[in-house]
$ cat data.csv   # CSV, N, CA and C atoms
chain,number,residue,atom,x,y,z
G,153,MET,N,126.4,128.6,38.1
G,153,MET,CA,125.1,128.2,38.7
G,153,MET,C,125.0,128.8,40.1
G,154,ASN,N,123.8,129.3,40.5
G,154,ASN,CA,123.6,129.8,41.8
G,154,ASN,C,123.6,128.8,42.9
G,155,LYS,N,124.2,129.2,44.0
G,155,LYS,CA,124.2,128.3,45.2
G,155,LYS,C,122.8,128.2,45.7
G,156,PRO,N,122.4,127.1,46.2
G,156,PRO,CA,121.1,126.9,46.8
G,156,PRO,C,120.9,128.0,47.9
G,157,LEU,N,119.7,128.4,48.1
G,157,LEU,CA,119.4,129.3,49.2
G,157,LEU,C,119.5,128.6,50.5
G,158,SER,N,119.9,129.3,51.5
G,158,SER,CA,120.0,128.8,52.9
G,158,SER,C,119.1,129.7,53.8
G,159,LEU,N,118.9,129.3,55.0
G,159,LEU,CA,118.1,130.1,55.9
G,159,LEU,C,118.8,131.5,56.2
G,160,TYR,N,120.1,131.6,56.0
G,160,TYR,CA,120.8,132.8,56.3
G,160,TYR,C,121.1,133.6,55.0
G,161,SER,N,120.6,133.2,53.9
G,161,SER,CA,120.7,134.0,52.7
G,161,SER,C,119.8,135.3,52.9
G,162,VAL,N,120.4,136.4,52.4
G,162,VAL,CA,119.7,137.7,52.4
G,162,VAL,C,119.1,137.9,51.0
G,163,VAL,N,117.8,138.1,50.9
G,163,VAL,CA,117.2,138.2,49.6
G,163,VAL,C,116.4,139.5,49.6
G,164,VAL,N,116.2,140.0,48.4
G,164,VAL,CA,115.4,141.3,48.2
G,164,VAL,C,114.8,141.2,46.8
G,165,ALA,N,113.7,141.9,46.6
G,165,ALA,CA,113.1,142.0,45.3
G,165,ALA,C,114.0,142.8,44.3
G,166,THR,N,114.1,142.4,43.1
G,166,THR,CA,114.9,143.1,42.1
G,166,THR,C,114.2,144.3,41.6
G,167,PRO,N,115.0,145.3,41.1
G,167,PRO,CA,114.4,146.5,40.6
G,167,PRO,C,113.7,146.3,39.2
G,168,GLU,N,114.0,145.1,38.6
G,168,GLU,CA,113.5,144.9,37.3
G,168,GLU,C,112.1,144.3,37.3
G,169,GLN,N,111.2,144.8,38.1
G,169,GLN,CA,109.8,144.3,38.2
G,169,GLN,C,108.9,145.5,38.7
G,170,VAL,N,107.7,145.3,38.5
G,170,VAL,CA,106.7,146.2,39.0
G,170,VAL,C,105.6,145.3,39.6
G,171,SER,N,105.0,145.8,40.7
G,171,SER,CA,104.0,144.9,41.4
G,171,SER,C,102.9,145.8,41.9
G,172,CYS,N,101.8,145.2,42.2
G,172,CYS,CA,100.7,145.9,42.9
G,172,CYS,C,99.8,144.9,43.7
G,173,ALA,N,99.2,145.4,44.7
G,173,ALA,CA,98.3,144.6,45.5
G,173,ALA,C,97.0,144.4,44.8
G,174,LEU,N,96.4,143.3,44.9
G,174,LEU,CA,95.1,143.0,44.4
G,174,LEU,C,94.3,142.4,45.5
G,175,GLY,N,93.7,143.2,46.4
G,175,GLY,CA,93.1,142.7,47.6
G,175,GLY,C,94.2,142.1,48.5
G,176,ASP,N,94.0,140.8,48.9
G,176,ASP,CA,95.0,140.1,49.7
G,176,ASP,C,96.1,139.5,48.9
G,177,GLU,N,95.9,139.6,47.6
G,177,GLU,CA,96.9,139.0,46.7
G,177,GLU,C,97.8,140.0,46.0
G,178,ALA,N,98.7,139.6,45.2
G,178,ALA,CA,99.6,140.5,44.5
G,178,ALA,C,99.8,140.1,43.1
G,179,ALA,N,100.1,141.0,42.2
G,179,ALA,CA,100.5,140.7,40.8
G,179,ALA,C,101.9,141.4,40.6
G,180,ILE,N,102.7,140.6,40.0
G,180,ILE,CA,104.1,141.1,39.7
G,180,ILE,C,104.4,140.9,38.2
G,181,LEU,N,104.9,142.0,37.6
G,181,LEU,CA,105.3,141.9,36.2
G,181,LEU,C,106.8,142.0,36.2
G,182,SER,N,107.4,141.0,35.6
G,182,SER,CA,108.9,141.0,35.4
G,182,SER,C,109.2,141.8,34.2
G,183,MET,N,110.1,142.7,34.4
G,183,MET,CA,110.5,143.6,33.2
G,183,MET,C,111.5,142.8,32.4
G,184,LYS,N,112.1,141.8,32.9
G,184,LYS,CA,113.1,141.0,32.2
G,184,LYS,C,112.4,140.1,31.1
G,185,ASN,N,111.3,139.4,31.5
G,185,ASN,CA,110.7,138.5,30.6
G,185,ASN,C,109.3,138.8,30.2
G,186,SER,N,108.8,139.9,30.7
G,186,SER,CA,107.4,140.4,30.4
G,186,SER,C,106.3,139.4,30.8
G,187,VAL,N,106.6,138.7,31.9
G,187,VAL,CA,105.6,137.7,32.4
G,187,VAL,C,105.0,138.2,33.7
G,188,TYR,N,103.7,138.0,33.8
G,188,TYR,CA,103.0,138.4,35.1
G,188,TYR,C,103.0,137.1,36.0
G,189,TYR,N,103.1,137.4,37.3
G,189,TYR,CA,103.1,136.3,38.3
G,189,TYR,C,102.0,136.7,39.3
G,190,GLY,N,101.2,135.8,39.7
G,190,GLY,CA,100.2,136.1,40.7
G,190,GLY,C,100.6,135.4,42.0
G,191,MET,N,100.4,136.1,43.1
G,191,MET,CA,100.7,135.6,44.4
G,191,MET,C,99.4,135.5,45.3
G,192,ASN,N,99.3,134.4,45.9
G,192,ASN,CA,98.1,134.2,46.9
G,192,ASN,C,98.4,135.1,48.1
G,193,PRO,N,97.5,135.1,49.1
G,193,PRO,CA,97.8,136.0,50.2
G,193,PRO,C,99.1,135.8,51.0
G,194,VAL,N,99.5,134.5,51.1
G,194,VAL,CA,100.8,134.3,51.8
G,194,VAL,C,101.9,134.7,50.9
G,195,GLY,N,101.9,134.3,49.7
G,195,GLY,CA,102.9,134.8,48.7
G,195,GLY,C,103.0,136.3,48.7
G,196,ALA,N,101.9,137.0,48.7
G,196,ALA,CA,101.8,138.4,48.7
G,196,ALA,C,102.5,139.0,50.0
G,197,ARG,N,102.3,138.3,51.1
G,197,ARG,CA,102.9,138.8,52.3
G,197,ARG,C,104.4,138.7,52.2
G,198,VAL,N,104.9,137.6,51.7
G,198,VAL,CA,106.3,137.4,51.5
G,198,VAL,C,106.8,138.4,50.6
G,199,TRP,N,106.1,138.7,49.5
G,199,TRP,CA,106.6,139.7,48.5
G,199,TRP,C,106.7,141.0,49.1
G,200,ASN,N,105.7,141.4,49.9
G,200,ASN,CA,105.7,142.7,50.6
G,200,ASN,C,107.0,142.9,51.5
G,201,MET,N,107.3,141.8,52.2
G,201,MET,CA,108.5,141.8,53.0
G,201,MET,C,109.8,141.9,52.2
G,202,LEU,N,109.8,141.5,51.0
G,202,LEU,CA,111.0,141.6,50.1
G,202,LEU,C,111.3,142.9,49.6
G,203,GLY,N,110.6,144.0,50.0
G,203,GLY,CA,110.9,145.3,49.6
G,203,GLY,C,112.2,145.8,50.2
G,204,GLU,N,112.6,145.2,51.3
G,204,GLU,CA,113.9,145.5,51.9
G,204,GLU,C,114.7,144.1,52.0
G,205,PRO,N,116.0,144.2,52.0
G,205,PRO,CA,116.8,143.0,52.2
G,205,PRO,C,116.4,142.3,53.5
G,206,ARG,N,116.2,141.0,53.5
G,206,ARG,CA,115.9,140.3,54.7
G,206,ARG,C,116.5,138.9,54.6
G,207,SER,N,116.9,138.3,55.7
G,207,SER,CA,117.3,136.9,55.7
G,207,SER,C,116.1,136.0,55.6
G,208,ILE,N,116.3,134.8,55.1
G,208,ILE,CA,115.2,133.9,55.0
G,208,ILE,C,114.7,133.5,56.4
G,209,VAL,N,115.6,133.5,57.4
G,209,VAL,CA,115.2,133.3,58.8
G,209,VAL,C,114.2,134.3,59.2
G,210,GLN,N,114.4,135.6,58.9
G,210,GLN,CA,113.5,136.7,59.2
G,210,GLN,C,112.2,136.5,58.6
G,211,LEU,N,112.2,136.1,57.3
G,211,LEU,CA,110.9,135.9,56.6
G,211,LEU,C,110.1,134.7,57.2
G,212,ARG,N,110.8,133.6,57.5
G,212,ARG,CA,110.2,132.4,58.1
G,212,ARG,C,109.6,132.8,59.4
G,213,ASP,N,110.4,133.5,60.3
G,213,ASP,CA,109.9,133.8,61.6
G,213,ASP,C,108.7,134.7,61.6
G,214,ALA,N,108.6,135.6,60.6
G,214,ALA,CA,107.5,136.5,60.5
G,214,ALA,C,106.2,135.7,60.1
G,215,LEU,N,106.4,134.8,59.2
G,215,LEU,CA,105.3,133.9,58.7
G,215,LEU,C,104.8,133.0,59.9
G,216,LEU,N,105.7,132.5,60.6
G,216,LEU,CA,105.3,131.7,61.8
G,216,LEU,C,104.6,132.4,62.8
G,217,ASP,N,104.9,133.7,63.0
G,217,ASP,CA,104.1,134.6,63.9
G,217,ASP,C,102.7,134.9,63.4
G,218,GLU,N,102.6,135.0,62.1
G,218,GLU,CA,101.3,135.4,61.5
G,218,GLU,C,100.4,134.3,61.1
G,219,TYR,N,100.9,133.1,60.8
G,219,TYR,CA,100.1,132.0,60.3
G,219,TYR,C,100.2,130.8,61.1
G,220,GLU,N,99.2,130.0,61.2
G,220,GLU,CA,99.3,128.7,61.8
G,220,GLU,C,99.8,127.7,60.9
G,221,VAL,N,101.1,127.4,61.0
G,221,VAL,CA,101.8,126.5,60.1
G,221,VAL,C,102.9,125.8,60.9
G,222,GLU,N,103.2,124.6,60.5
G,222,GLU,CA,104.3,123.9,61.2
G,222,GLU,C,105.6,124.5,60.7
G,223,PRO,N,106.6,124.7,61.6
G,223,PRO,CA,107.8,125.3,61.2
G,223,PRO,C,108.5,124.6,60.0
G,224,ASN,N,108.6,123.3,60.0
G,224,ASN,CA,109.3,122.6,58.9
G,224,ASN,C,108.5,122.9,57.6
G,225,ARG,N,107.2,122.8,57.6
G,225,ARG,CA,106.4,123.0,56.4
G,225,ARG,C,106.6,124.5,55.9
G,226,CYS,N,106.6,125.4,56.8
G,226,CYS,CA,106.8,126.8,56.5
G,226,CYS,C,108.1,127.0,55.8
G,227,GLU,N,109.2,126.5,56.4
G,227,GLU,CA,110.5,126.6,55.9
G,227,GLU,C,110.7,126.0,54.5
G,228,GLN,N,110.2,124.8,54.3
G,228,GLN,CA,110.2,124.2,53.0
G,228,GLN,C,109.5,124.9,51.9
G,229,ASP,N,108.3,125.3,52.3
G,229,ASP,CA,107.5,126.1,51.3
G,229,ASP,C,108.1,127.4,51.0
G,230,LEU,N,108.6,128.1,52.0
G,230,LEU,CA,109.3,129.4,51.8
G,230,LEU,C,110.5,129.3,50.9
G,231,LEU,N,111.3,128.3,51.2
G,231,LEU,CA,112.5,128.1,50.3
G,231,LEU,C,112.1,127.8,48.9
G,232,GLN,N,111.1,127.0,48.7
G,232,GLN,CA,110.7,126.6,47.4
G,232,GLN,C,110.1,127.9,46.6
G,233,LEU,N,109.3,128.7,47.3
G,233,LEU,CA,108.8,129.9,46.7
G,233,LEU,C,110.0,130.8,46.3
G,234,LEU,N,110.9,131.0,47.2
G,234,LEU,CA,112.0,131.9,47.0
G,234,LEU,C,112.9,131.4,45.9
G,235,GLU,N,113.2,130.1,45.8
G,235,GLU,CA,114.0,129.6,44.7
G,235,GLU,C,113.3,129.8,43.4
G,236,HIS,N,111.9,129.7,43.3
G,236,HIS,CA,111.2,129.9,42.1
G,236,HIS,C,111.3,131.4,41.7
G,237,MET,N,111.1,132.3,42.7
G,237,MET,CA,111.2,133.7,42.5
G,237,MET,C,112.6,134.1,41.9
G,238,ARG,N,113.6,133.5,42.5
G,238,ARG,CA,115.0,133.7,42.0
G,238,ARG,C,115.2,133.2,40.6
G,239,SER,N,114.7,132.0,40.3
G,239,SER,CA,114.8,131.5,39.0
G,239,SER,C,114.1,132.3,37.9
G,240,GLU,N,113.1,133.0,38.3
G,240,GLU,CA,112.3,133.9,37.4
G,240,GLU,C,112.9,135.3,37.4
G,241,GLY,N,113.9,135.6,38.2
G,241,GLY,CA,114.5,136.9,38.2
G,241,GLY,C,113.8,138.0,39.0
G,242,LEU,N,112.9,137.5,39.9
G,242,LEU,CA,112.1,138.5,40.7
G,242,LEU,C,112.9,138.9,42.0
G,243,ILE,N,113.8,138.1,42.5
G,243,ILE,CA,114.5,138.4,43.7
G,243,ILE,C,116.0,138.1,43.4
G,244,GLU,N,116.9,138.7,44.2
G,244,GLU,CA,118.3,138.5,44.2
G,244,GLU,C,118.8,138.2,45.6
G,245,VAL,N,119.9,137.5,45.6
G,245,VAL,CA,120.6,137.2,46.9
G,245,VAL,C,121.7,138.3,47.1
G,246,GLN,N,121.6,138.9,48.3
G,246,GLN,CA,122.6,139.9,48.6
G,246,GLN,C,123.7,139.5,49.6
G,247,GLY,N,123.8,138.2,49.8
G,247,GLY,CA,124.8,137.7,50.7
G,247,GLY,C,124.2,136.8,51.8
G,248,ALA,N,124.8,136.8,52.9
G,248,ALA,CA,124.3,135.9,54.0
G,248,ALA,C,124.4,136.7,55.3
G,249,ALA,N,123.4,136.5,56.1
G,249,ALA,CA,123.3,137.1,57.5
G,249,ALA,C,124.2,136.3,58.4
G,250,ALA,N,124.7,136.9,59.5
G,250,ALA,CA,125.4,136.1,60.5
G,250,ALA,C,124.5,135.1,61.1
G,251,ALA,N,125.1,133.9,61.3
G,251,ALA,CA,124.3,132.8,61.8
G,251,ALA,C,124.1,132.9,63.3
$ encode --input "data.csv" --output "structure tokens"
Amino acid sequence: MNKPLSLYSVVVATPEQVSCALGDEAAILSMKNSVYYGMNPVGARVWNMLGEPRSIVQLRDALLDEYEVEPNRCEQDLLQLLEHMRSEGLIEVQGAAAA
């Protein structure tokens, strides 16, 4: 079983998917299970940042800079989104960043 994600987990989009922008949103097709996923504008922003390996702290901080959201809410929602993406095979964990 996968360890839970932490703020220092480094995550990146897997190569087994294709995606495209749809205005402010995004559509992702998993090549593993042939399922399409739709991302709202915030999810699409996260997805765009996942083109390169990033720590969850980096993702959180970028979202806090761009959106008016409480830090705890941002962190919880981001971890939930990333756990869902990982469970669907859209992202992979590449290790942990230095704390």
$ closest_residue --input "data.csv" --among "G:Val164, G:Val170, G:Gly247, G:Glu218" --to "Ser182 in chain G" --atoms "only N, CA and C atoms"
G:Val170
$ closest_residue --input "data.csv" --among "G:Asn200, G:Asn224, G:Gln210, G:Gln232" --to "Ala165 in chain G" --atoms "only C-alpha atoms"
G:Asn200
$ closest_residue --input "data.csv" --among "G:Asn154, G:Val163, G:Ala249, G:Leu216" --to "Gly203 in chain G" --atoms "only N, CA and C atoms"
G:Val163
$ atom_distance --input "data.csv" --atom1 "CA of Glu168 in chain G" --atom2 "CA of Arg197 in chain G"
19.4 Å
$ closest_residue --input "data.csv" --among "G:Pro205, G:Val162, G:Leu215, G:Pro193" --to "Gly175 in chain G" --atoms "all atoms listed in the file"
G:Pro193
$ select_by_dssp --input "data.csv" --residues "range 155-248 of chain G" --states "alpha helix (DSSP H)" --output "PyMOL selection string"
chain G and resi 193-201+208-218+223-239
$ atom_distance --input "data.csv" --atom1 "atom N of Arg238 in chain G" --atom2 "CA of Leu159 in chain G"
14.5 Å
$ atom_distance --input "data.csv" --atom1 "atom C of Arg212 in chain G" --atom2 "CA of Leu174 in chain G"
23.2 Å
$ residues_around --input "data.csv" --residues "Ser186 in chain G" --least-positions-apart "3" --cutoff "12 Å" --atoms "only C-alpha atoms" --output "list in words"
Glu168, Gln169, Val170, Ile180, Leu181, Ser182, Met183, Tyr189, Glu240, Gly241 and Leu242 of chain G
$ select_by_dssp --input "data.csv" --residues "chain G" --states "strand (DSSP E or B)" --output "ChimeraX atom specification"
/G:161-165,169-174,177-182,188-191,206-207,243-248
$ write_last_selection --input "data.csv" --atoms "N, CA and C atoms" --output "short mmCIF file (atom, residue, chain, number, x, y, z; two decimals), in the frame of the given file"
data_model
loop_
_atom_site.label_atom_id
_atom_site.label_comp_id
_atom_site.auth_asym_id
_atom_site.auth_seq_id
_atom_site.Cartn_x
_atom_site.Cartn_y
_atom_site.Cartn_z
N SER G 161 120.60 133.20 53.90
CA SER G 161 120.70 134.00 52.70
C SER G 161 119.80 135.30 52.90
N VAL G 162 120.40 136.40 52.40
CA VAL G 162 119.70 137.70 52.40
C VAL G 162 119.10 137.90 51.00
N VAL G 163 117.80 138.10 50.90
CA VAL G 163 117.20 138.20 49.60
C VAL G 163 116.40 139.50 49.60
N VAL G 164 116.20 140.00 48.40
CA VAL G 164 115.40 141.30 48.20
C VAL G 164 114.80 141.20 46.80
N ALA G 165 113.70 141.90 46.60
CA ALA G 165 113.10 142.00 45.30
C ALA G 165 114.00 142.80 44.30
N GLN G 169 111.20 144.80 38.10
CA GLN G 169 109.80 144.30 38.20
C GLN G 169 108.90 145.50 38.70
N VAL G 170 107.70 145.30 38.50
CA VAL G 170 106.70 146.20 39.00
C VAL G 170 105.60 145.30 39.60
N SER G 171 105.00 145.80 40.70
CA SER G 171 104.00 144.90 41.40
C SER G 171 102.90 145.80 41.90
N CYS G 172 101.80 145.20 42.20
CA CYS G 172 100.70 145.90 42.90
C CYS G 172 99.80 144.90 43.70
N ALA G 173 99.20 145.40 44.70
CA ALA G 173 98.30 144.60 45.50
C ALA G 173 97.00 144.40 44.80
N LEU G 174 96.40 143.30 44.90
CA LEU G 174 95.10 143.00 44.40
C LEU G 174 94.30 142.40 45.50
N GLU G 177 95.90 139.60 47.60
CA GLU G 177 96.90 139.00 46.70
C GLU G 177 97.80 140.00 46.00
N ALA G 178 98.70 139.60 45.20
CA ALA G 178 99.60 140.50 44.50
C ALA G 178 99.80 140.10 43.10
N ALA G 179 100.10 141.00 42.20
CA ALA G 179 100.50 140.70 40.80
C ALA G 179 101.90 141.40 40.60
N ILE G 180 102.70 140.60 40.00
CA ILE G 180 104.10 141.10 39.70
C ILE G 180 104.40 140.90 38.20
N LEU G 181 104.90 142.00 37.60
CA LEU G 181 105.30 141.90 36.20
C LEU G 181 106.80 142.00 36.20
N SER G 182 107.40 141.00 35.60
CA SER G 182 108.90 141.00 35.40
C SER G 182 109.20 141.80 34.20
N TYR G 188 103.70 138.00 33.80
CA TYR G 188 103.00 138.40 35.10
C TYR G 188 103.00 137.10 36.00
N TYR G 189 103.10 137.40 37.30
CA TYR G 189 103.10 136.30 38.30
C TYR G 189 102.00 136.70 39.30
N GLY G 190 101.20 135.80 39.70
CA GLY G 190 100.20 136.10 40.70
C GLY G 190 100.60 135.40 42.00
N MET G 191 100.40 136.10 43.10
CA MET G 191 100.70 135.60 44.40
C MET G 191 99.40 135.50 45.30
N ARG G 206 116.20 141.00 53.50
CA ARG G 206 115.90 140.30 54.70
C ARG G 206 116.50 138.90 54.60
N SER G 207 116.90 138.30 55.70
CA SER G 207 117.30 136.90 55.70
C SER G 207 116.10 136.00 55.60
N ILE G 243 113.80 138.10 42.50
CA ILE G 243 114.50 138.40 43.70
C ILE G 243 116.00 138.10 43.40
N GLU G 244 116.90 138.70 44.20
CA GLU G 244 118.30 138.50 44.20
C GLU G 244 118.80 138.20 45.60
N VAL G 245 119.90 137.50 45.60
CA VAL G 245 120.60 137.20 46.90
C VAL G 245 121.70 138.30 47.10
N GLN G 246 121.60 138.90 48.30
CA GLN G 246 122.60 139.90 48.60
C GLN G 246 123.70 139.50 49.60
N GLY G 247 123.80 138.20 49.80
CA GLY G 247 124.80 137.70 50.70
C GLY G 247 124.20 136.80 51.80
N ALA G 248 124.80 136.80 52.90
CA ALA G 248 124.30 135.90 54.00
C ALA G 248 124.40 136.70 55.30
#
$ closest_residue --input "data.csv" --among "G:Asn185, G:Ser207, G:Val198, G:Ile243" --to "Leu230 in chain G" --atoms "only C-alpha atoms"
G:Val198
$ residues_around --input "data.csv" --residues "Gly190 in chain G" --least-positions-apart "4" --cutoff "8 Å" --atoms "only N, CA and C atoms" --output "CSV table (one decimal) with N, CA and C atoms, in the frame of the given file"
chain,number,residue,atom,x,y,z
G,177,GLU,N,95.9,139.6,47.6
G,177,GLU,CA,96.9,139.0,46.7
G,177,GLU,C,97.8,140.0,46.0
G,178,ALA,N,98.7,139.6,45.2
G,178,ALA,CA,99.6,140.5,44.5
G,178,ALA,C,99.8,140.1,43.1
G,179,ALA,N,100.1,141.0,42.2
G,179,ALA,CA,100.5,140.7,40.8
G,179,ALA,C,101.9,141.4,40.6
G,180,ILE,N,102.7,140.6,40.0
G,180,ILE,CA,104.1,141.1,39.7
G,180,ILE,C,104.4,140.9,38.2
G,181,LEU,N,104.9,142.0,37.6
G,181,LEU,CA,105.3,141.9,36.2
G,181,LEU,C,106.8,142.0,36.2
G,195,GLY,N,101.9,134.3,49.7
G,195,GLY,CA,102.9,134.8,48.7
G,195,GLY,C,103.0,136.3,48.7
G,196,ALA,N,101.9,137.0,48.7
G,196,ALA,CA,101.8,138.4,48.7
G,196,ALA,C,102.5,139.0,50.0
$ decode --input "data.csv" --residues "range 212-225 of chain G" --atoms "N, CA and C atoms" --output "short mmCIF file (atom, residue, chain, number, x, y, z; two decimals), in the first residue's frame"
data_model
loop_
_atom_site.label_atom_id
_atom_site.label_comp_id
_atom_site.auth_asym_id
_atom_site.auth_seq_id
_atom_site.Cartn_x
_atom_site.Cartn_y
_atom_site.Cartn_z
N ARG G 212 1.20 24.00 -2.95
CA ARG G 212 0.36 24.74 -1.99
C ARG G 212 0.72 26.21 -2.00
N ASP G 213 2.01 26.52 -1.93
CA ASP G 213 2.44 27.91 -1.87
C ASP G 213 2.05 28.67 -3.14
N ALA G 214 2.15 28.02 -4.29
CA ALA G 214 1.74 28.66 -5.54
C ALA G 214 0.25 28.96 -5.53
N LEU G 215 -0.55 28.02 -5.04
CA LEU G 215 -2.00 28.24 -4.97
C LEU G 215 -2.34 29.36 -3.99
N LEU G 216 -1.65 29.41 -2.87
CA LEU G 216 -1.89 30.47 -1.89
C LEU G 216 -1.55 31.84 -2.46
N ASP G 217 -0.54 31.90 -3.32
CA ASP G 217 -0.18 33.16 -3.97
C ASP G 217 -1.21 33.59 -5.00
N GLU G 218 -1.86 32.62 -5.64
CA GLU G 218 -2.76 32.92 -6.76
C GLU G 218 -4.23 33.03 -6.38
N TYR G 219 -4.64 32.40 -5.30
CA TYR G 219 -6.05 32.35 -4.93
C TYR G 219 -6.27 32.84 -3.50
N GLU G 220 -7.43 33.39 -3.25
CA GLU G 220 -7.79 33.77 -1.89
C GLU G 220 -8.40 32.56 -1.22
N VAL G 221 -7.60 31.90 -0.41
CA VAL G 221 -8.05 30.69 0.28
C VAL G 221 -7.27 30.59 1.58
N GLU G 222 -7.92 30.05 2.59
CA GLU G 222 -7.25 29.86 3.87
C GLU G 222 -6.20 28.76 3.72
N PRO G 223 -5.02 28.94 4.30
CA PRO G 223 -3.93 27.96 4.14
C PRO G 223 -4.32 26.54 4.53
N ASN G 224 -5.04 26.34 5.63
CA ASN G 224 -5.43 24.98 6.03
C ASN G 224 -6.38 24.36 5.03
N ARG G 225 -7.33 25.14 4.54
CA ARG G 225 -8.29 24.64 3.56
C ARG G 225 -7.57 24.28 2.26
#
